[in-house]
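Asker: Quick one: structure below, then a few questions.
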Amino acid sequence: TRPLNEDVVILGFDDRVILEQMSDDGEEVVRITLSMHQLTELRLALNLPEGNYRIEKEG
């Protein structure tokens, strides 16, 4: 069963991690699946002493 006041749900498995969150309109669950390799790369990138990544909206 899902939490009543959920924010982000993290599901961990041997070969992947899944992040889930309800969409803004509450109509569907949005999922991001990361392999263990991707998760390791993300962890390492967060510890880099320089640089950043961002998305800027045009206009």
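Residues in the structure tokens are named by chain (A, B, ... in the order shown) and by number from 1 within that chain; ligands are numbered from 1 in the order shown.
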Where in chain A does DSSP assign strand (DSSP E or B), given as a compact mmCIF listing (two decimals) with N, CA and C atoms, in the first residue's frame?
Answerer:
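Contents of states_29.txt, freshly written:
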```txt
# COMPACT_ATOMS: atom_id res chain seq x y z
N VAL A 9 8.80 8.17 -3.35
CA VAL A 9 8.96 6.79 -2.90
C VAL A 9 10.21 6.24 -3.58
N ILE A 10 11.11 5.66 -2.80
CA ILE A 10 12.34 5.08 -3.34
C ILE A 10 12.26 3.57 -3.15
N LEU A 11 12.36 2.84 -4.26
CA LEU A 11 12.33 1.39 -4.23
C LEU A 11 13.70 0.87 -4.64
N GLY A 12 14.35 0.11 -3.78
CA GLY A 12 15.68 -0.41 -4.07
C GLY A 12 15.65 -1.90 -4.34
N ARG A 16 18.66 -2.28 -9.56
CA ARG A 16 18.16 -0.96 -9.94
C ARG A 16 17.52 -0.27 -8.74
N VAL A 17 17.35 1.05 -8.88
CA VAL A 17 16.63 1.86 -7.91
C VAL A 17 15.55 2.61 -8.68
N ILE A 18 14.34 2.62 -8.14
CA ILE A 18 13.23 3.30 -8.79
C ILE A 18 12.75 4.43 -7.88
N LEU A 19 12.64 5.64 -8.44
CA LEU A 19 12.08 6.79 -7.73
C LEU A 19 10.68 7.01 -8.28
N GLU A 20 9.71 7.15 -7.40
CA GLU A 20 8.33 7.36 -7.83
C GLU A 20 7.75 8.59 -7.14
N GLN A 21 6.92 9.32 -7.88
CA GLN A 21 6.19 10.46 -7.30
C GLN A 21 4.93 10.67 -8.12
N MET A 22 3.86 11.07 -7.47
CA MET A 22 2.63 11.38 -8.19
C MET A 22 2.84 12.63 -9.02
N VAL A 29 1.51 8.03 -11.66
CA VAL A 29 2.79 7.93 -10.97
C VAL A 29 3.89 8.13 -11.99
N VAL A 30 4.82 9.04 -11.69
CA VAL A 30 5.97 9.29 -12.56
C VAL A 30 7.13 8.50 -11.97
N ARG A 31 7.83 7.74 -12.83
CA ARG A 31 8.91 6.87 -12.37
C ARG A 31 10.22 7.20 -13.08
N ILE A 32 11.29 7.14 -12.31
CA ILE A 32 12.65 7.21 -12.86
C ILE A 32 13.36 5.95 -12.38
N THR A 33 13.91 5.19 -13.31
CA THR A 33 14.64 3.98 -12.96
C THR A 33 16.11 4.19 -13.27
N LEU A 34 16.95 3.94 -12.28
CA LEU A 34 18.40 4.06 -12.43
C LEU A 34 19.04 2.70 -12.21
N SER A 35 19.95 2.32 -13.11
CA SER A 35 20.73 1.11 -12.87
C SER A 35 21.73 1.41 -11.75
```
Asker: For the atom pair CA of Leu44 (chain A) and CA of Asp7 (chain A), what is the interatomic distance in Å to one decimal place?
Answerer: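 Between CA of Leu44 (chain A) and CA of Asp7 (chain A) the gap works out to 25.0 Å.
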Asker: Please, which residues of region 1-58 of chain A, numbered as in this document, come out helix (DSSP H, G or I) from DSSP, as a PyMOL selection string?
Answerer: chain A and resi 36-46
Asker: Please measure the separation of CA of Asp15 (chain A) and CA of His37 (chain A), giving the value in Å to one decimal.
Answerer: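 Spanning CA of Asp15 (chain A) to CA of His37 (chain A) is a straight-line distance of 9.0 Å.
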Asker: Grab the CA of Gln38 (chain A) to CA of Phe13 (chain A) distance for me, in Å with one decimal place.
Answerer: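 That distance, rounded to one decimal, is 13.7 Å.
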